[in-house]
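The structure file upload-v9.cif is reproduced below (mmCIF, C-alpha atoms and all ligand atoms).
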data_input
#
loop_
_atom_site.label_atom_id
_atom_site.label_comp_id
_atom_site.auth_asym_id
_atom_site.auth_seq_id
_atom_site.Cartn_x
_atom_site.Cartn_y
_atom_site.Cartn_z
CA MET A 1379 106.00 121.14 60.82
CA ARG A 1380 109.42 122.77 60.86
CA PRO A 1381 110.04 125.47 58.23
CA PRO A 1382 112.00 124.21 55.21
CA ARG A 1383 115.73 124.80 55.52
CA ILE A 1384 116.70 126.54 52.31
CA GLY A 1385 120.32 127.27 51.48
CA VAL A 1386 121.75 130.11 49.45
CA LEU A 1387 125.00 129.22 47.72
CA ALA A 1388 127.24 131.85 49.33
CA LEU A 1389 130.36 131.99 47.18
CA GLN A 1390 129.63 135.20 45.23
CA GLY A 1391 126.67 137.31 44.12
CA ASP A 1392 123.30 138.32 45.59
CA VAL A 1393 123.58 136.11 48.70
CA ARG A 1394 122.29 138.51 51.35
CA GLU A 1395 119.28 139.56 49.26
CA HIS A 1396 118.10 135.95 48.83
CA LEU A 1397 118.66 135.10 52.53
CA GLN A 1398 116.59 138.16 53.42
CA ALA A 1399 113.85 137.27 50.91
CA LEU A 1400 113.66 133.68 52.20
CA SER A 1401 113.27 134.86 55.78
CA THR A 1402 110.06 136.70 54.79
CA VAL A 1403 108.39 133.69 53.10
CA GLY A 1404 108.42 131.12 55.91
CA ALA A 1405 111.75 129.43 55.20
CA ASP A 1406 114.72 128.84 57.50
CA PRO A 1407 117.52 130.39 55.39
CA VAL A 1408 121.14 129.29 55.63
CA ALA A 1409 124.28 130.38 53.78
CA VAL A 1410 126.00 127.43 52.09
CA ARG A 1411 129.79 127.53 51.73
CA ARG A 1412 130.73 124.03 52.87
CA ARG A 1413 129.82 120.44 52.16
CA ALA A 1414 128.17 119.92 55.57
CA GLU A 1415 125.96 122.97 55.01
CA LEU A 1416 124.93 121.68 51.57
CA ASP A 1417 124.13 118.25 53.04
CA ALA A 1418 121.76 119.83 55.58
CA VAL A 1419 119.48 121.84 53.28
CA ASP A 1420 116.09 120.84 51.84
CA GLY A 1421 116.60 123.08 48.81
CA LEU A 1422 119.15 125.55 47.45
CA ILE A 1423 119.13 128.94 45.74
CA LEU A 1424 121.96 129.65 43.30
CA PRO A 1425 122.06 133.45 43.21
CA GLY A 1426 122.81 135.89 40.43
CA GLY A 1427 126.35 137.15 40.24
CA GLU A 1428 128.97 135.98 37.78
CA SER A 1429 128.64 132.37 36.69
CA THR A 1430 132.32 132.02 35.71
CA THR A 1431 133.44 133.21 39.16
CA ILE A 1432 130.91 131.02 40.99
CA SER A 1433 132.05 128.03 38.88
CA TYR A 1434 135.68 128.69 39.81
CA LEU A 1435 134.81 129.01 43.51
CA LEU A 1436 132.64 125.86 43.42
CA ASP A 1437 135.65 123.98 42.17
CA GLU A 1438 138.03 125.58 44.71
CA SER A 1439 135.70 124.87 47.63
CA GLY A 1440 135.14 121.24 46.65
CA LEU A 1441 131.39 121.89 46.39
CA ALA A 1442 131.00 121.27 42.64
CA ASP A 1443 130.74 117.47 42.75
CA PRO A 1444 128.56 117.25 45.90
CA LEU A 1445 126.23 119.89 44.42
CA ARG A 1446 126.02 118.00 41.11
CA ALA A 1447 125.21 114.85 43.07
CA ARG A 1448 122.45 116.51 45.08
CA LEU A 1449 120.89 117.94 41.92
CA ALA A 1450 121.05 114.53 40.25
CA ASP A 1451 119.38 113.13 43.36
CA GLY A 1452 116.42 115.54 42.96
CA MET A 1453 117.18 118.31 45.44
CA PRO A 1454 114.84 121.29 44.77
CA ALA A 1455 116.80 124.29 43.51
CA TYR A 1456 116.21 127.78 42.21
CA GLY A 1457 118.72 129.62 40.04
CA ALA A 1458 118.48 133.32 39.20
CA CYS A 1459 120.48 134.72 36.29
CA ALA A 1460 124.02 133.34 36.88
CA GLY A 1461 122.27 130.62 38.91
CA MET A 1462 120.07 129.77 35.91
CA ILE A 1463 123.22 129.36 33.81
CA LEU A 1464 124.74 126.95 36.36
CA LEU A 1465 121.54 124.83 36.51
CA ALA A 1466 121.58 124.20 32.75
CA THR A 1467 122.76 121.02 31.06
CA GLU A 1468 124.45 123.05 28.31
CA ILE A 1469 125.83 126.62 28.23
CA LEU A 1470 126.47 128.65 25.07
CA ASP A 1471 129.05 131.49 25.26
CA ALA A 1472 130.27 129.96 28.54
CA GLY A 1473 133.58 131.85 28.46
CA SER A 1474 137.07 130.45 28.05
CA GLY A 1475 140.09 129.24 29.98
CA PRO A 1476 139.77 129.46 33.76
CA ARG A 1477 136.87 131.89 33.31
CA VAL A 1478 134.34 129.38 32.09
CA ALA A 1479 130.83 128.77 33.41
CA VAL A 1480 130.20 125.12 34.23
CA ALA A 1481 126.82 123.42 33.75
CA LEU A 1482 125.77 121.48 36.86
CA GLY A 1483 122.51 120.12 35.47
CA GLY A 1484 119.16 120.20 37.24
CA ILE A 1485 117.16 121.53 34.27
CA ASP A 1486 117.31 119.90 30.85
CA MET A 1487 118.00 123.10 28.89
CA THR A 1488 120.53 125.01 26.83
CA VAL A 1489 121.17 128.54 28.11
CA ARG A 1490 122.96 131.35 26.30
CA ARG A 1491 125.05 133.40 28.72
CA ASN A 1492 124.87 137.23 28.41
CA ALA A 1493 122.27 136.71 25.65
CA PHE A 1494 120.39 139.98 26.14
CA GLY A 1495 123.67 141.79 26.77
CA ARG A 1496 124.47 142.05 23.13
CA GLN A 1497 121.30 144.06 22.58
CA VAL A 1498 120.82 145.88 25.85
CA ASP A 1499 122.91 145.38 28.97
CA SER A 1500 120.19 145.67 31.59
CA PHE A 1501 116.46 146.31 31.41
CA GLU A 1502 113.22 145.87 33.31
CA ASP A 1503 109.92 144.45 32.16
CA TYR A 1504 106.55 143.34 33.55
CA LEU A 1505 106.08 139.69 32.68
CA SER A 1506 103.21 137.31 32.96
CA VAL A 1507 104.44 134.18 34.77
CA THR A 1508 102.40 130.97 34.59
CA GLY A 1509 100.86 130.20 37.99
CA LEU A 1510 101.21 133.74 39.39
CA ASP A 1511 98.36 136.29 39.38
CA GLY A 1512 99.35 139.59 37.84
CA PRO A 1513 102.58 140.67 36.19
CA VAL A 1514 105.98 140.20 37.78
CA HIS A 1515 108.42 143.13 37.82
CA ALA A 1516 111.43 141.46 36.21
CA VAL A 1517 114.90 143.03 36.44
CA PHE A 1518 117.41 141.69 33.90
CA ILE A 1519 121.15 142.36 34.43
CA ARG A 1520 123.48 140.93 31.74
CA ALA A 1521 120.93 138.16 31.61
CA PRO A 1522 120.91 134.78 29.91
CA TRP A 1523 118.02 133.38 27.92
CA VAL A 1524 117.02 129.80 27.27
CA GLU A 1525 117.52 128.46 23.74
CA ARG A 1526 116.35 124.86 24.13
CA VAL A 1527 114.23 123.06 26.70
CA GLY A 1528 113.80 119.32 27.08
CA PRO A 1529 110.38 117.62 27.02
CA ASP A 1530 109.95 117.69 30.82
CA VAL A 1531 110.65 121.42 31.17
CA THR A 1532 107.79 123.92 31.47
CA VAL A 1533 108.33 127.47 30.21
CA LEU A 1534 106.74 129.84 32.74
CA ALA A 1535 107.60 133.20 31.14
CA ARG A 1536 109.15 134.69 28.01
CA ALA A 1537 110.82 138.00 27.13
CA ALA A 1538 111.60 139.04 23.56
CA GLY A 1539 110.25 135.63 22.53
CA HIS A 1540 112.77 133.67 24.62
CA PRO A 1541 112.05 131.60 27.73
CA VAL A 1542 113.22 133.49 30.84
CA ALA A 1543 111.50 131.44 33.56
CA VAL A 1544 111.43 127.64 33.48
CA ARG A 1545 110.65 124.73 35.75
CA HIS A 1546 111.78 121.11 35.59
CA GLY A 1547 110.18 119.19 38.44
CA ALA A 1548 111.23 120.94 41.65
CA VAL A 1549 113.98 122.94 39.96
CA LEU A 1550 113.16 126.51 38.96
CA ALA A 1551 115.19 129.13 37.11
CA THR A 1552 114.69 132.75 36.08
CA SER A 1553 116.84 135.00 33.88
CA PHE A 1554 115.75 137.90 36.09
CA HIS A 1555 116.44 138.91 39.72
CA PRO A 1556 113.37 138.84 42.00
CA GLU A 1557 115.60 139.47 45.03
CA VAL A 1558 116.14 143.10 43.97
CA THR A 1559 112.40 143.88 43.98
CA ALA A 1560 109.82 143.76 46.80
CA ASP A 1561 107.76 141.06 45.03
CA ARG A 1562 108.27 137.75 46.87
CA ARG A 1563 106.07 135.50 44.71
CA ILE A 1564 108.98 133.73 43.01
CA HIS A 1565 110.52 132.92 46.41
CA GLU A 1566 107.09 131.77 47.64
CA LEU A 1567 106.80 129.53 44.58
CA PHE A 1568 110.20 128.02 45.34
CA VAL A 1569 109.31 127.39 48.99
CA ALA A 1570 106.15 125.63 47.76
CA LEU A 1571 108.28 123.45 45.46
CA VAL A 1572 110.57 122.57 48.37
CA THR A 1573 107.68 121.65 50.66
CA GLY A 1574 105.85 119.78 47.89
CA ARG A 1575 102.91 122.18 47.86
CA ALA A 1576 103.37 123.33 44.24
N1 LIG B 1 126.25 137.49 32.96
C1 LIG B 1 126.42 136.92 34.26
C2 LIG B 1 127.05 135.54 34.20
O1 LIG B 1 127.50 135.09 33.22
C3 LIG B 1 125.10 136.81 34.98
C4 LIG B 1 124.66 138.15 35.42
C5 LIG B 1 123.83 138.14 36.67
O2 LIG B 1 123.75 137.14 37.38
N2 LIG B 1 123.28 139.28 36.96
O3 LIG B 1 127.09 134.90 35.18
#
Taking this structure as input, can you express it in the form of structure tokens?
Amino acid sequence: MRPPRIGVLALQGDVREHLQALSTVGADPVAVRRRAELDAVDGLILPGGESTTISYLLDESGLADPLRARLADGMPAYGACAGMILLATEILDAGSGPRVAVALGGIDMTVRRNAFGRQVDSFEDYLSVTGLDGPVHAVFIRAPWVERVGPDVTVLARAAGHPVAVRHGAVLATSFHPEVTADRRIHELFVALVTGRA
């Protein structure tokens, strides 16, 4: 069986870190900047970065509508931090004017952008994540939290009482950044979702 071809949306943010992480967990990683690259992947990571900037670049590059269509069609996806925001169906504090984060769908949830930021800009925690043995070192950087989940969404982890890791079918999202730690279990979980093993 060929390794799953997993894209990393490569417009802005932690692209290199996710490509590197994917290469260590049995995937065939590919940077996605164009429509043809998006069409060729089995699953896609939307990295952390700045959701307003990534939204602007998605629009500029003509990738926004094709990406929405692939998500609606059931493509497995994983969004970290800014990527979690983009995978929501509704965004609170999305920004204004041209600097607005756009919800692409994928997970039936309402996400509040920069939610933890009002209390503490960045922090780290050890979280218990459903399905993983032992705590996950979770790094939060101007992170969102989830305020509402639909009936088909499973909450996998919470911080300060709020969902920070969720799954809706084969679409996964975390408020935190596993790519900046050495723990590859979240990437392994996503590869398993892409290959249908989870
Ligand atoms: N606050 C950022 C945003 O709105 C997300 C931060 C991150 O991805 N580290 O996109």
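Of the residues listed (A:Ala1447, A:Ile1463, A:Leu1397, A:Val1527), A:Val1527 shows the shortest atom-to-atom separation from Pro1541 in chain A; distances use only C-alpha atoms.
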Collect all residues with atoms no farther than 8 Å from ligand LIG 1 (chain B), counting only C-alpha atoms and all ligand atoms, and output them as a VMD selection string.
-> chain A and resid 1391 1425 to 1432 1458 to 1461 1463 1472 1479 1491 to 1492 1495 1518 to 1522 1554 to 1555
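Summary of the local environment: counting all atoms listed in the file, residues at most 12 Å from Leu1441 in chain A, other than itself and those fewer than 2 positions away along its chain, are A:Leu1387, A:Ala1388, A:Leu1389, A:Val1410, A:Arg1411, A:Arg1412, A:Arg1413, A:Ala1414, A:Glu1415, A:Leu1416, A:Asp1417, A:Ile1432, A:Ser1433, A:Tyr1434, A:Leu1435, A:Leu1436, A:Asp1437, A:Glu1438, A:Ser1439, A:Asp1443, A:Pro1444, A:Leu1445, A:Arg1446, A:Ala1447, A:Arg1448, A:Leu1482.
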Just-selected residues, C-alpha atoms written as a compact mmCIF listing (two decimals), keeping the file's coordinate frame:
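Contents of again-v6.txt, as written:
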# COMPACT_ATOMS: atom_id res chain seq x y z
CA LEU A 1387 125.00 129.22 47.72
CA ALA A 1388 127.24 131.85 49.33
CA LEU A 1389 130.36 131.99 47.18
CA VAL A 1410 126.00 127.43 52.09
CA ARG A 1411 129.79 127.53 51.73
CA ARG A 1412 130.73 124.03 52.87
CA ARG A 1413 129.82 120.44 52.16
CA ALA A 1414 128.17 119.92 55.57
CA GLU A 1415 125.96 122.97 55.01
CA LEU A 1416 124.93 121.68 51.57
CA ASP A 1417 124.13 118.25 53.04
CA ILE A 1432 130.91 131.02 40.99
CA SER A 1433 132.05 128.03 38.88
CA TYR A 1434 135.68 128.69 39.81
CA LEU A 1435 134.81 129.01 43.51
CA LEU A 1436 132.64 125.86 43.42
CA ASP A 1437 135.65 123.98 42.17
CA GLU A 1438 138.03 125.58 44.71
CA SER A 1439 135.70 124.87 47.63
CA ASP A 1443 130.74 117.47 42.75
CA PRO A 1444 128.56 117.25 45.90
CA LEU A 1445 126.23 119.89 44.42
CA ARG A 1446 126.02 118.00 41.11
CA ALA A 1447 125.21 114.85 43.07
CA ARG A 1448 122.45 116.51 45.08
CA LEU A 1482 125.77 121.48 36.86
Point-to-point distance from CA of Ala1399 in chain A to CA of Leu1567 in chain A, Å rounded to tenths = 12.2 Å
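Across A:Gly1528, A:Leu1550, A:Thr1559, A:Tyr1456, the tightest approach to Glu1502 in chain A is made by A:Thr1559 when counting all atoms listed in the file.
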Could you pull the residues within 12 Å of Val1507 in chain A, counting all atoms listed in the file, minus those fewer than 6 positions along the same chain, as a list in words?
-> Pro1513, Val1514, His1515, Ala1516, Thr1532, Val1533, Leu1534, Ala1535, Arg1536, Ala1537, Pro1541, Val1542, Ala1543, Val1544, Arg1545, Thr1552, Phe1554, Arg1563, Ile1564 and Leu1567 of chain A
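Comparing the minimum interatomic distances between Leu1400 in chain A and each of A:Ala1570, A:Leu1465, A:Ala1551, A:Leu1449, counting only C-alpha atoms, we find that A:Ala1570 sits nearest.
Nearest-residue note for His1540 in chain A: choosing from A:His1396, A:Arg1490, A:Arg1575, A:Arg1477, the minimum distance belongs to A:Arg1490, counting all atoms listed in the file.
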If you measure from CA of Asp1451 in chain A to CA of Gly1483 in chain A, what distance in Å do you get, rounded to one decimal?
-> 11.0 Å
Counting only C-alpha atoms, figure out which residue out of A:Gly1385, A:Gly1404, A:Gly1473, A:Pro1454 gets nearest to Glu1566 in chain A.
-> A:Gly1404
A straight line from CA of Gly1421 in chain A to CA of Gly1509 in chain A spans 20.4 Å
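Using all atoms listed in the file, the protein and nucleic acid residues lying no more than 12 Å from Gly1574 in chain A, apart from those fewer than 6 places from it along its own chain, are Pro1382, Asp1420, Gly1421, Met1453, Pro1454, Gly1547, Ala1548, Val1549, Leu1567 and Phe1568 of chain A.
Candidate residues A:Ala1442, A:Ala1576, A:Leu1464, A:Val1524 were compared for distance to Ala1481 in chain A, and the nearest is A:Leu1464, using all atoms listed in the file.
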